[in-house]
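Q: Quick one: structure below, then a few questions.
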Amino acid sequence: AVTRRMRSLRPPPGVALFLVDYLNPDGSAAVSRHIAWGVYLTRNFPFRWRATGRPFDTYHAGRGPLSEPESRAAARFIARVRPRVTIYYHQMLRLVDRSGGDRALEQLYARRSGLPYKRIPPIPGTATSWQNHTFRGDSAFVVELPAGRLSPRSVDRHAGAVMSVARAIAPPRVRRTPIPYGERRREEMRAYARRHYGIDDFRLSRPRVVVQHFTASNSFRSAYETFARDAPDVELGELPGVCAHFLIARDGQIHQLVPTTIMCRHTVGLNHTAIGIEHVGTSDGQVLSSEERSPIADRASTAAIRSHRRQLRSSLLLTRALQGRYGIRTRDVIGHNESLSSPYHRERVERLRRQTHGDFERASMNRYRRALGRLPAPSSVR
């Protein structure tokens, strides 16, 4: 009933739904837990498989792991598609199992569906344990529905819970707004990388760090023009001009200025390994603002607060997506002011080895990293 309902819903951009109505069509037809010759598929997967029972015993695990065509078909399908999230529906314990997947998503499903979030004791040979163990970063969990048929309202509630999970792992919307980065600028970046890092390349081959900045202005246009203008910067007087990979406007719109395969000059000592995210704003507090609406707030200040929240949410979603794509640890999501403490910091020019900026100090970034921790795991949004 839930998968049928899902067919009438449209997933968010960047998410595909693969809907399997029955892993056990024999059992569905016979109103039984078993396939036609008495195997309980839930015990037939190859992680910690153990022989149990005889045909048609409640938990008969089959002749061996993946001995049954249904479990083999499911395993092949999972290995081919590599879904970020897999939800298995069972009956009739009425709970969302703490199955070893992404807890944020399991808890989200539990909240949206109204089911308790509990842990079923470990069971040998389950699909979820096999999937979570075999494909690191995948998140598979079990939803135990109540006994009997679901009411139409319950079907809608569970379909809505699936859509909540889909929205939680959807990539953020990014608008391509490229700055000029032609052959001359690439050669300037190559020369800069040779001078500062001993790397004869302008390409960013393996990002390990995400650095957060603010523009020190409230104008998207002025920040864009500064980055687009390939002129020596006023602080250090070097070429290429300063830039960042992403620029997030006050309304939350994410603009990608430069591909993440190319170095940008945004953080001394880290440009060889860091993706830079600039936020239009004048302070850490302005970007991180999460003020509650005051009962006496006027329309302008309320609109500004909403804008702040959109910008921060876009920043968190973008950063999480970059973490998932490149395997970047949360401790390596840093503010510009934290650059000197990064283990990846590297600078050959002696006068610049202690060079940093004041934007996004540690206290601000601790708040930011805590907020990241409340999102789905990076692997769920890869």
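The chains in the structure tokens are called A, B, ... from first to last as shown; in each chain the residues are counted from 1, and the ligands are counted from 1 in the order shown.
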Using DSSP on the backbone coordinates, identify all residues within segment 268-376 of chain A classified as strand (DSSP E or B); present the result as an MDAnalysis selection string.
A: chainID A and resid 274:279 281 333:335
Q: Show me a table, sorted first by chain and then by increasing residue number, of the residues of segment 112-208 of chain A having an atom at most 7 Å from segment 9-13 of chain A, each with its shortest atom pair and the distance in Å to one decimal, counting only C-alpha atoms and written as a Markdown table.
A:
```
| residue | atom | partner | partner_atom | distance |
| --- | --- | --- | --- | --- |
| A:Met163 | CA | A:Pro11 | CA | 6.8 |
| A:Ala166 | CA | A:Pro11 | CA | 6.8 |
| A:Arg167 | CA | A:Pro12 | CA | 6.1 |
| A:Ala170 | CA | A:Pro12 | CA | 6.5 |
```
Q: Write a file of the selected residues as a short mmCIF file (atom, residue, chain, number, x, y, z; two decimals), in the first residue's frame, keeping all heavy atoms.
A:
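The new file again33.cif reads:
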```cif
data_model
loop_
_atom_site.label_atom_id
_atom_site.label_comp_id
_atom_site.auth_asym_id
_atom_site.auth_seq_id
_atom_site.Cartn_x
_atom_site.Cartn_y
_atom_site.Cartn_z
N MET A 163 8.89 10.64 2.03
CA MET A 163 9.21 11.90 1.36
C MET A 163 10.04 12.82 2.25
O MET A 163 10.90 13.57 1.77
CB MET A 163 7.92 12.59 0.91
CG MET A 163 7.19 11.85 -0.19
SD MET A 163 8.18 11.62 -1.69
CE MET A 163 8.20 13.31 -2.30
N ALA A 166 13.44 11.61 1.85
CA ALA A 166 13.94 12.00 0.52
C ALA A 166 14.37 13.47 0.51
O ALA A 166 15.41 13.82 -0.05
CB ALA A 166 12.86 11.74 -0.54
N ARG A 167 13.56 14.33 1.12
CA ARG A 167 13.93 15.75 1.17
C ARG A 167 15.18 15.98 2.00
O ARG A 167 16.00 16.85 1.69
CB ARG A 167 12.76 16.58 1.71
CG ARG A 167 11.61 16.74 0.72
CD ARG A 167 10.60 17.76 1.22
NE ARG A 167 9.87 17.28 2.39
CZ ARG A 167 8.74 16.59 2.33
NH1 ARG A 167 8.20 16.28 1.16
NH2 ARG A 167 8.13 16.20 3.44
N ALA A 170 18.16 15.16 -0.21
CA ALA A 170 18.22 15.80 -1.53
C ALA A 170 19.37 16.80 -1.57
O ALA A 170 19.62 17.53 -0.60
CB ALA A 170 16.90 16.51 -1.83
#
```
Q: Would you compute the distance between atom CA of Ile35 of chain A and atom CA of Thr128 of chain A? Give it in Å to one decimal.
A: 19.0 Å
Q: Quick one, how far is atom CA of Ala321 of chain A from atom CA of Arg382 of chain A?
A: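 We find that atom CA of Ala321 of chain A and atom CA of Arg382 of chain A lie 5.8 Å from each other.
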Q: Considering only C-alpha atoms, return as a ChimeraX atom specification whatever protein or nucleic-acid residues lie within 10 Å of Gly252 of chain A, sequence-local ones (same chain, fewer than 4 positions apart) excluded.
A: /A:173,247-248,279-280,306-315
Q: Could you write those residues out with C-alpha atoms, as a CSV table (one decimal), in the first residue's frame?
A:
```
chain,number,residue,atom,x,y,z
A,173,ARG,CA,19.9,23.6,-5.4
A,247,LEU,CA,28.9,32.3,-2.9
A,248,ILE,CA,25.7,32.1,-0.9
A,279,HIS,CA,28.5,34.1,2.6
A,280,VAL,CA,27.2,37.5,1.8
A,306,ARG,CA,14.0,34.6,7.6
A,307,SER,CA,16.6,35.5,5.0
A,308,HIS,CA,19.4,34.7,7.6
A,309,ARG,CA,17.9,31.3,8.2
A,310,ARG,CA,17.7,30.5,4.5
A,311,GLN,CA,21.3,31.4,4.1
A,312,LEU,CA,22.5,29.3,7.0
A,313,ARG,CA,20.4,26.3,5.9
A,314,SER,CA,21.8,26.5,2.4
A,315,SER,CA,25.3,26.7,3.8
```
Q: Please determine, counting only C-alpha atoms, which residue among A:Ala74, A:Val162, A:Leu322, A:Ala193 has the shortest atom-to-atom distance to Val209 of chain A.
A: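 Answer, going by the shortest atom-to-atom distance: A:Leu322.
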Q: I'd like the neighbourhood of Phe214 of chain A as an NGL selection string, where a residue qualifies if any of its atoms comes within 8 Å (using only C-alpha atoms), though same-chain residues fewer than 4 positions away should be ignored.
A: :A and (278-284 or 287 or 359-360)
Q: Between A:Asp156, A:Ser342, A:Asn337, A:Ala216, single out the one closest to Gln286 of chain A, counting only C-alpha atoms.
A: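 Closest to Gln286 of chain A, using only C-alpha atoms: A:Ala216.
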Q: Pull the alpha helix (DSSP H) assignments for segment 1-187 of chain A out of DSSP run on the backbone, and list those residues as a count of residues only.
A: 66
Q: Which residues are close to segment 222-235 of chain A, i.e. within 8 Å by only C-alpha atoms, leaving aside same-chain residues fewer than 3 positions away? Reply as a list of chain:residue names.
A: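 In the requested form, the answer reads A:Ile179, A:Pro180, A:Arg185, A:Thr215, A:Ser217, A:Ser219, A:Glu238, A:Leu239, A:Pro240, A:Gly241, A:Val242, A:Cys243, A:Ala244, A:Leu247, A:Val280.
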Q: I want to know what sits within 7 Å of segment 96-109 of chain A, based on only C-alpha atoms, with residues of the same chain fewer than 5 positions away left out; could you give that as a PyMOL selection string?
A: chain A and resi 115-120+128+132+139-144+161-162+165+375-377
Q: Mind dumping the selected residues with N, CA and C atoms as a PDB file, in the first residue's frame?
A:
```pdb
ATOM      1  N   LEU A 115       5.679   6.318  14.742  1.00  0.00           N
ATOM      2  CA  LEU A 115       6.064   5.031  15.335  1.00  0.00           C
ATOM      3  C   LEU A 115       7.173   5.231  16.368  1.00  0.00           C
ATOM      4  N   PRO A 116       7.237   4.390  17.384  1.00  0.00           N
ATOM      5  CA  PRO A 116       8.357   4.455  18.334  1.00  0.00           C
ATOM      6  C   PRO A 116       9.667   4.104  17.634  1.00  0.00           C
ATOM      7  N   TYR A 117      10.760   4.674  18.153  1.00  0.00           N
ATOM      8  CA  TYR A 117      12.097   4.385  17.627  1.00  0.00           C
ATOM      9  C   TYR A 117      12.802   3.496  18.629  1.00  0.00           C
ATOM     10  N   LYS A 118      12.961   2.209  18.293  1.00  0.00           N
ATOM     11  CA  LYS A 118      13.510   1.233  19.221  1.00  0.00           C
ATOM     12  C   LYS A 118      14.507   0.334  18.493  1.00  0.00           C
ATOM     13  N   ARG A 119      15.245  -0.419  19.289  1.00  0.00           N
ATOM     14  CA  ARG A 119      16.225  -1.347  18.726  1.00  0.00           C
ATOM     15  C   ARG A 119      15.755  -2.779  18.912  1.00  0.00           C
ATOM     16  N   ILE A 120      15.681  -3.508  17.785  1.00  0.00           N
ATOM     17  CA  ILE A 120      15.410  -4.939  17.847  1.00  0.00           C
ATOM     18  C   ILE A 120      16.738  -5.642  18.116  1.00  0.00           C
ATOM     19  N   THR A 128      19.239  -5.785   6.202  1.00  0.00           N
ATOM     20  CA  THR A 128      19.781  -4.496   6.652  1.00  0.00           C
ATOM     21  C   THR A 128      21.196  -4.643   7.196  1.00  0.00           C
ATOM     22  N   ASN A 132      24.268  -2.684   5.431  1.00  0.00           N
ATOM     23  CA  ASN A 132      25.028  -1.672   6.173  1.00  0.00           C
ATOM     24  C   ASN A 132      26.475  -2.098   6.392  1.00  0.00           C
ATOM     25  N   SER A 139      22.659   3.389   4.026  1.00  0.00           N
ATOM     26  CA  SER A 139      21.836   3.417   5.236  1.00  0.00           C
ATOM     27  C   SER A 139      20.571   2.616   4.985  1.00  0.00           C
ATOM     28  N   ALA A 140      20.493   1.446   5.603  1.00  0.00           N
ATOM     29  CA  ALA A 140      19.322   0.588   5.458  1.00  0.00           C
ATOM     30  C   ALA A 140      18.679   0.395   6.820  1.00  0.00           C
ATOM     31  N   PHE A 141      17.357   0.535   6.889  1.00  0.00           N
ATOM     32  CA  PHE A 141      16.681   0.317   8.162  1.00  0.00           C
ATOM     33  C   PHE A 141      15.303  -0.295   7.950  1.00  0.00           C
ATOM     34  N   VAL A 142      14.769  -0.858   9.029  1.00  0.00           N
ATOM     35  CA  VAL A 142      13.493  -1.569   8.999  1.00  0.00           C
ATOM     36  C   VAL A 142      12.404  -0.713   9.633  1.00  0.00           C
ATOM     37  N   VAL A 143      11.271  -0.654   8.970  1.00  0.00           N
ATOM     38  CA  VAL A 143      10.051  -0.084   9.548  1.00  0.00           C
ATOM     39  C   VAL A 143       9.090  -1.242   9.785  1.00  0.00           C
ATOM     40  N   GLU A 144       8.786  -1.497  11.037  1.00  0.00           N
ATOM     41  CA  GLU A 144       7.832  -2.547  11.411  1.00  0.00           C
ATOM     42  C   GLU A 144       6.450  -1.906  11.518  1.00  0.00           C
ATOM     43  N   ALA A 161       6.405  10.117   5.403  1.00  0.00           N
ATOM     44  CA  ALA A 161       7.678   9.895   6.098  1.00  0.00           C
ATOM     45  C   ALA A 161       8.781   9.575   5.103  1.00  0.00           C
ATOM     46  N   VAL A 162       8.457   8.777   4.079  1.00  0.00           N
ATOM     47  CA  VAL A 162       9.451   8.496   3.037  1.00  0.00           C
ATOM     48  C   VAL A 162       9.863   9.795   2.343  1.00  0.00           C
ATOM     49  N   VAL A 165      12.287  11.788   4.380  1.00  0.00           N
ATOM     50  CA  VAL A 165      13.642  11.259   4.250  1.00  0.00           C
ATOM     51  C   VAL A 165      14.250  11.682   2.910  1.00  0.00           C
ATOM     52  N   LEU A 375      22.245  17.112  10.919  1.00  0.00           N
ATOM     53  CA  LEU A 375      21.802  16.723   9.576  1.00  0.00           C
ATOM     54  C   LEU A 375      22.089  15.239   9.341  1.00  0.00           C
ATOM     55  N   PRO A 376      21.517  14.659   8.280  1.00  0.00           N
ATOM     56  CA  PRO A 376      21.895  13.290   7.923  1.00  0.00           C
ATOM     57  C   PRO A 376      23.403  13.175   7.732  1.00  0.00           C
ATOM     58  N   ALA A 377      23.924  11.969   7.904  1.00  0.00           N
ATOM     59  CA  ALA A 377      25.361  11.735   7.743  1.00  0.00           C
ATOM     60  C   ALA A 377      25.817  12.121   6.329  1.00  0.00           C
TER      61      ALA A 377
END
```
